[in-house]
Amino acid sequence: MKSSRDIERKAGYLQPEHCAPPPPHPPSSGQMWFIRDGCGIVCGVITWFLVFYAEFVVVFVMLLPVRNVAYSLVNGALFNTLAFLALASHFRAMCTDPGAVPKGNATKEFIESLQLKPGQVVYKCPKCCSIKPERAHHCSVCKRCIRKMDHHCPWVNNCVGENNQKYFVLFTMYIALISLHALLMVAFHFIFCFEEDWTKCSSFSPPATVILLILLCFEGLLFLIFTAVMFGTQVHSICTDETGIEQLKKEERRWAKKSKWMNMKVVFGHPFSIAWLSPFATPDHGKAEMYQYVV
């Protein structure tokens, strides 16, 4: 029995006449991708606000009042670098096309131009009237089919897919690192304040200092657990070459199995380099093909 997702390869069965023609001027590759979703925008603003709050407490509450200049400079430079990379990764994950399939391309002309072989099956998304590639799924928030879609994340106001998974993984990694770093500095600062006079260990009053540090500790612990778990699940998903949706739906594997190292190169670029850690470097897949299907 044919599943609801399977559609006959013939143009008549695909019912292309029910689809509006694609836009005459599709967005250029240089145009910034941005999803106009209220919940996602609010979550994105909250994310930046929390990072800036941590920045404020770390710099003005913990580092500037410390007499040890070397301690302040080293930790300040490290925290600010990681925070900058985290926000840059968040911006790239949010404003990069995750792999959207051209909308409304399920027209009779386009289907005939595919020159499908007898017995070859193609899929049509009834929601966005697109010819759906293998491993693509429709996102109800983005209102598009996304290639190799893992999930839609409101915190980056975007889907995590073929083109932006690297930036999402870097975002979770850098947020986890600055959260751990902030927690360690809070612990050292509490020890320093208990040994010294509280009025000398901060520019703020002792009650204000305690409240600011407790809030930062709560934020750091919460984000450390959340992003560390998310980072681990994303790396596992990449290594097994199976997206979150494919795992959830237990979809049949129809693509060739590759090594874990090759799967990492598919997402982060080929060959391995320091650019894997940079949110400013667009992955160069090179010999690492996106996916090969079992015939």
# chains A, B, ... in the order shown; residues from 1 in each chain; ligands from 1
>>> residues_around(residues="Cys145 (chain A)", least_positions_apart="2", cutoff="9 Å", atoms="only C-alpha atoms", output="PyMOL selection string")
chain A and resi 99-103+125+127-128+130+132-133+136-140+142-143+147+149
>>> select_by_dssp(residues="region 75-261 of chain A", states="strand (DSSP E or B)", output="list in words")
Ala100, Val122, Tyr123, Lys124, Cys125, Ser130, Ile131, Lys132, Ala136, His137, His138, Cys139, Arg144, Cys145, Ile146, Arg147, His151, His152, Cys153, Asn158, Cys159, Val160 and Trp255 of chain A
>>> atom_distance(atom1="CA of Lys258 (chain A)", atom2="CA of Thr240 (chain A)")
8.6 Å
>>> closest_residue(among="A:Phe91, A:Tyr123, A:Phe226, A:Phe79", to="Phe280 (chain A)", atoms="only C-alpha atoms")
A:Phe91
>>> residues_around(residues="Ala77 (chain A)", least_positions_apart="5", cutoff="12 Å", atoms="only C-alpha atoms", output="number ranges by chain")
A: 55, 58-59, 63, 69-72, 82-84, 178, 181
>>> closest_residue(among="A:Trp261, A:Phe34, A:Leu50, A:Val66", to="Phe218 (chain A)", atoms="only C-alpha atoms")
A:Leu50
>>> closest_residue(among="A:Phe231, A:Phe49, A:Phe268, A:Tyr174", to="Asp284 (chain A)", atoms="only C-alpha atoms")
A:Phe268
>>> closest_residue(among="A:Asp97, A:Gly104, A:Leu216, A:Pro118", to="Ser179 (chain A)", atoms="only C-alpha atoms")
A:Leu216
>>> residues_around(residues="Gly38 (chain A)", least_positions_apart="3", cutoff="12 Å", atoms="only C-alpha atoms", output="number ranges by chain")
A: 34-35, 41-45, 141-142, 154-155, 157-158
>>> write_last_selection(atoms="N, CA and C atoms", output="CSV table (one decimal), in the first residue's frame")
chain,number,residue,atom,x,y,z
A,34,PHE,N,15.1,35.3,6.5
A,34,PHE,CA,14.6,35.6,7.8
A,34,PHE,C,13.2,35.2,7.9
A,35,ILE,N,12.8,34.5,9.0
A,35,ILE,CA,11.5,34.0,9.2
A,35,ILE,C,10.7,35.0,10.1
A,41,ILE,N,11.0,35.3,16.9
A,41,ILE,CA,11.7,36.6,17.0
A,41,ILE,C,11.9,36.9,18.5
A,42,VAL,N,10.8,36.7,19.3
A,42,VAL,CA,10.9,36.9,20.8
A,42,VAL,C,12.0,36.1,21.4
A,43,CYS,N,12.0,34.8,21.0
A,43,CYS,CA,13.0,33.8,21.6
A,43,CYS,C,14.5,34.3,21.2
A,44,GLY,N,14.6,34.8,19.9
A,44,GLY,CA,15.9,35.2,19.5
A,44,GLY,C,16.4,36.5,20.2
A,45,VAL,N,15.4,37.4,20.5
A,45,VAL,CA,15.8,38.6,21.3
A,45,VAL,C,16.1,38.2,22.7
A,141,VAL,N,6.1,26.3,10.3
A,141,VAL,CA,6.5,27.7,10.7
A,141,VAL,C,7.1,28.4,9.5
A,142,CYS,N,8.1,27.8,8.9
A,142,CYS,CA,8.8,28.4,7.7
A,142,CYS,C,7.9,28.3,6.5
A,154,PRO,N,12.9,27.5,17.8
A,154,PRO,CA,12.4,28.9,18.0
A,154,PRO,C,13.5,29.8,18.5
A,155,TRP,N,14.6,29.2,19.2
A,155,TRP,CA,15.6,30.0,19.7
A,155,TRP,C,16.5,30.6,18.7
A,157,ASN,N,15.0,31.0,15.6
A,157,ASN,CA,13.9,31.4,14.7
A,157,ASN,C,14.1,30.9,13.3
A,158,ASN,N,14.4,29.6,13.2
A,158,ASN,CA,14.7,29.0,11.9
A,158,ASN,C,14.7,27.5,12.0
>>> atom_distance(atom1="CA of His236 (chain A)", atom2="CA of Cys39 (chain A)")
27.9 Å
>>> residues_around(residues="region 162-169 of chain A", least_positions_apart="2", cutoff="10 Å", atoms="only C-alpha atoms", output="PyMOL selection string")
chain A and resi 86+88-100+135-136+146-150+153+156+158-160+171-174+227+230-235+238+243+264+266-269+276-283+290
>>> write_last_selection(atoms="N, CA and C atoms", output="short mmCIF file (atom, residue, chain, number, x, y, z; two decimals), in the first residue's frame")
data_model
loop_
_atom_site.label_atom_id
_atom_site.label_comp_id
_atom_site.auth_asym_id
_atom_site.auth_seq_id
_atom_site.Cartn_x
_atom_site.Cartn_y
_atom_site.Cartn_z
N ALA A 86 29.49 32.90 19.86
CA ALA A 86 28.15 32.36 20.09
C ALA A 86 27.09 33.20 19.39
N ALA A 88 27.60 35.29 16.87
CA ALA A 88 27.81 35.20 15.42
C ALA A 88 27.23 33.90 14.88
N SER A 89 27.39 32.81 15.61
CA SER A 89 26.83 31.52 15.20
C SER A 89 25.31 31.58 15.22
N HIS A 90 24.76 32.24 16.22
CA HIS A 90 23.30 32.38 16.31
C HIS A 90 22.77 33.18 15.12
N PHE A 91 23.46 34.26 14.77
CA PHE A 91 23.03 35.08 13.64
C PHE A 91 23.09 34.29 12.34
N ARG A 92 24.17 33.52 12.13
CA ARG A 92 24.29 32.73 10.90
C ARG A 92 23.24 31.63 10.85
N ALA A 93 22.96 30.98 11.99
CA ALA A 93 21.94 29.94 12.02
C ALA A 93 20.56 30.51 11.75
N MET A 94 20.32 31.75 12.20
CA MET A 94 19.02 32.38 12.04
C MET A 94 18.81 32.94 10.63
N CYS A 95 19.86 33.48 10.04
CA CYS A 95 19.73 34.21 8.77
C CYS A 95 20.31 33.46 7.57
N THR A 96 20.53 32.17 7.71
CA THR A 96 20.99 31.34 6.59
C THR A 96 19.85 30.45 6.13
N ASP A 97 19.63 30.42 4.83
CA ASP A 97 18.63 29.53 4.25
C ASP A 97 18.98 28.10 4.65
N PRO A 98 18.12 27.41 5.40
CA PRO A 98 18.46 26.06 5.87
C PRO A 98 18.43 24.99 4.79
N GLY A 99 17.98 25.36 3.60
CA GLY A 99 17.86 24.39 2.50
C GLY A 99 16.44 24.32 1.98
N ALA A 100 15.82 25.48 1.83
CA ALA A 100 14.42 25.53 1.39
C ALA A 100 14.29 25.10 -0.06
N ARG A 135 14.63 13.17 1.71
CA ARG A 135 15.05 13.63 3.02
C ARG A 135 14.60 15.06 3.32
N ALA A 136 13.65 15.58 2.55
CA ALA A 136 13.09 16.90 2.82
C ALA A 136 11.78 16.75 3.56
N ILE A 146 12.08 21.79 3.70
CA ILE A 146 13.48 22.02 4.03
C ILE A 146 14.27 20.74 3.80
N ARG A 147 15.33 20.83 3.01
CA ARG A 147 16.18 19.66 2.74
C ARG A 147 16.91 19.24 4.01
N LYS A 148 16.87 17.95 4.28
CA LYS A 148 17.56 17.36 5.43
C LYS A 148 17.21 18.10 6.72
N MET A 149 15.93 18.37 6.89
CA MET A 149 15.46 19.11 8.06
C MET A 149 15.61 18.28 9.32
N ASP A 150 16.22 18.87 10.35
CA ASP A 150 16.37 18.18 11.63
C ASP A 150 15.22 18.56 12.56
N CYS A 153 13.81 25.27 15.35
CA CYS A 153 14.22 25.76 16.67
C CYS A 153 13.77 27.20 16.85
N VAL A 156 16.55 30.01 17.48
CA VAL A 156 17.26 30.63 16.36
C VAL A 156 16.27 31.10 15.29
N ASN A 158 14.43 29.61 13.19
CA ASN A 158 14.70 29.01 11.88
C ASN A 158 14.68 27.49 12.01
N CYS A 159 14.57 26.84 10.86
CA CYS A 159 14.77 25.40 10.83
C CYS A 159 16.26 25.09 10.87
N VAL A 160 16.60 23.94 11.40
CA VAL A 160 17.97 23.43 11.32
C VAL A 160 17.97 22.41 10.19
N PHE A 171 26.66 27.24 17.67
CA PHE A 171 25.92 28.06 18.63
C PHE A 171 25.74 27.32 19.95
N THR A 172 25.29 26.08 19.90
CA THR A 172 25.11 25.30 21.13
C THR A 172 26.43 25.07 21.84
N MET A 173 27.50 24.85 21.09
CA MET A 173 28.81 24.60 21.69
C MET A 173 29.33 25.84 22.41
N TYR A 174 29.26 27.00 21.75
CA TYR A 174 29.80 28.22 22.35
C TYR A 174 28.96 28.70 23.52
N THR A 227 22.08 23.37 26.30
CA THR A 227 22.90 23.42 25.09
C THR A 227 23.87 22.24 25.01
N MET A 230 21.78 19.43 23.72
CA MET A 230 21.48 19.68 22.32
C MET A 230 22.71 19.47 21.44
N PHE A 231 23.87 19.92 21.92
CA PHE A 231 25.11 19.73 21.17
C PHE A 231 25.41 18.24 20.99
N GLY A 232 25.23 17.47 22.06
CA GLY A 232 25.49 16.04 21.98
C GLY A 232 24.55 15.33 21.03
N THR A 233 23.25 15.67 21.06
CA THR A 233 22.29 15.04 20.16
C THR A 233 22.56 15.43 18.70
N GLN A 234 23.00 16.67 18.47
CA GLN A 234 23.30 17.10 17.11
C GLN A 234 24.52 16.36 16.55
N VAL A 235 25.56 16.23 17.36
CA VAL A 235 26.75 15.52 16.91
C VAL A 235 26.42 14.05 16.64
N ILE A 238 24.58 13.86 13.39
CA ILE A 238 25.48 14.03 12.24
C ILE A 238 26.28 12.76 12.00
N THR A 243 18.60 12.55 10.65
CA THR A 243 18.08 13.75 11.28
C THR A 243 17.11 13.41 12.41
N MET A 264 30.76 14.09 9.29
CA MET A 264 31.15 15.37 9.89
C MET A 264 31.62 16.34 8.81
N VAL A 266 30.60 16.43 5.76
CA VAL A 266 29.43 16.87 5.00
C VAL A 266 28.83 18.12 5.61
N VAL A 267 28.82 18.19 6.94
CA VAL A 267 28.20 19.33 7.63
C VAL A 267 29.18 20.48 7.81
N PHE A 268 30.42 20.17 8.22
CA PHE A 268 31.37 21.23 8.58
C PHE A 268 32.32 21.62 7.46
N GLY A 269 32.39 20.81 6.41
CA GLY A 269 33.23 21.16 5.28
C GLY A 269 34.39 20.20 5.09
N TRP A 276 36.26 24.84 10.79
CA TRP A 276 35.13 24.11 11.37
C TRP A 276 34.59 24.86 12.59
N LEU A 277 35.45 25.60 13.28
CA LEU A 277 35.05 26.29 14.51
C LEU A 277 34.60 27.72 14.25
N SER A 278 34.63 28.14 13.00
CA SER A 278 34.31 29.53 12.66
C SER A 278 32.90 29.65 12.09
N PRO A 279 32.07 30.52 12.68
CA PRO A 279 30.74 30.76 12.11
C PRO A 279 30.78 31.62 10.85
N PHE A 280 31.96 32.15 10.52
CA PHE A 280 32.09 33.01 9.35
C PHE A 280 32.51 32.23 8.10
N ALA A 281 32.90 30.98 8.28
CA ALA A 281 33.34 30.15 7.16
C ALA A 281 32.19 29.28 6.68
N THR A 282 31.80 29.48 5.43
CA THR A 282 30.76 28.65 4.82
C THR A 282 31.35 27.29 4.48
N PRO A 283 30.71 26.19 4.88
CA PRO A 283 31.28 24.86 4.63
C PRO A 283 31.53 24.59 3.15
N MET A 290 26.80 15.50 -0.33
CA MET A 290 25.75 15.69 0.65
C MET A 290 25.09 14.36 1.03
#
>>> residues_around(residues="Ser202 (chain A)", least_positions_apart="3", cutoff="10 Å", atoms="only C-alpha atoms", output="ChimeraX atom specification")
/A:60-66,189,193,197-199,205-206,208-210
>>> select_by_dssp(residues="region 151-264 of chain A", states="alpha helix (DSSP H)", output="count of residues only")
77
>>> closest_residue(among="A:Leu212, A:Leu248, A:Met185, A:Ile191", to="Phe56 (chain A)", atoms="only C-alpha atoms")
A:Leu212
>>> atom_distance(atom1="CA of Lys257 (chain A)", atom2="CA of Pro271 (chain A)")
19.2 Å
>>> closest_residue(among="A:Leu114, A:Thr81, A:Cys239, A:Phe190", to="Leu177 (chain A)", atoms="only C-alpha atoms")
A:Thr81
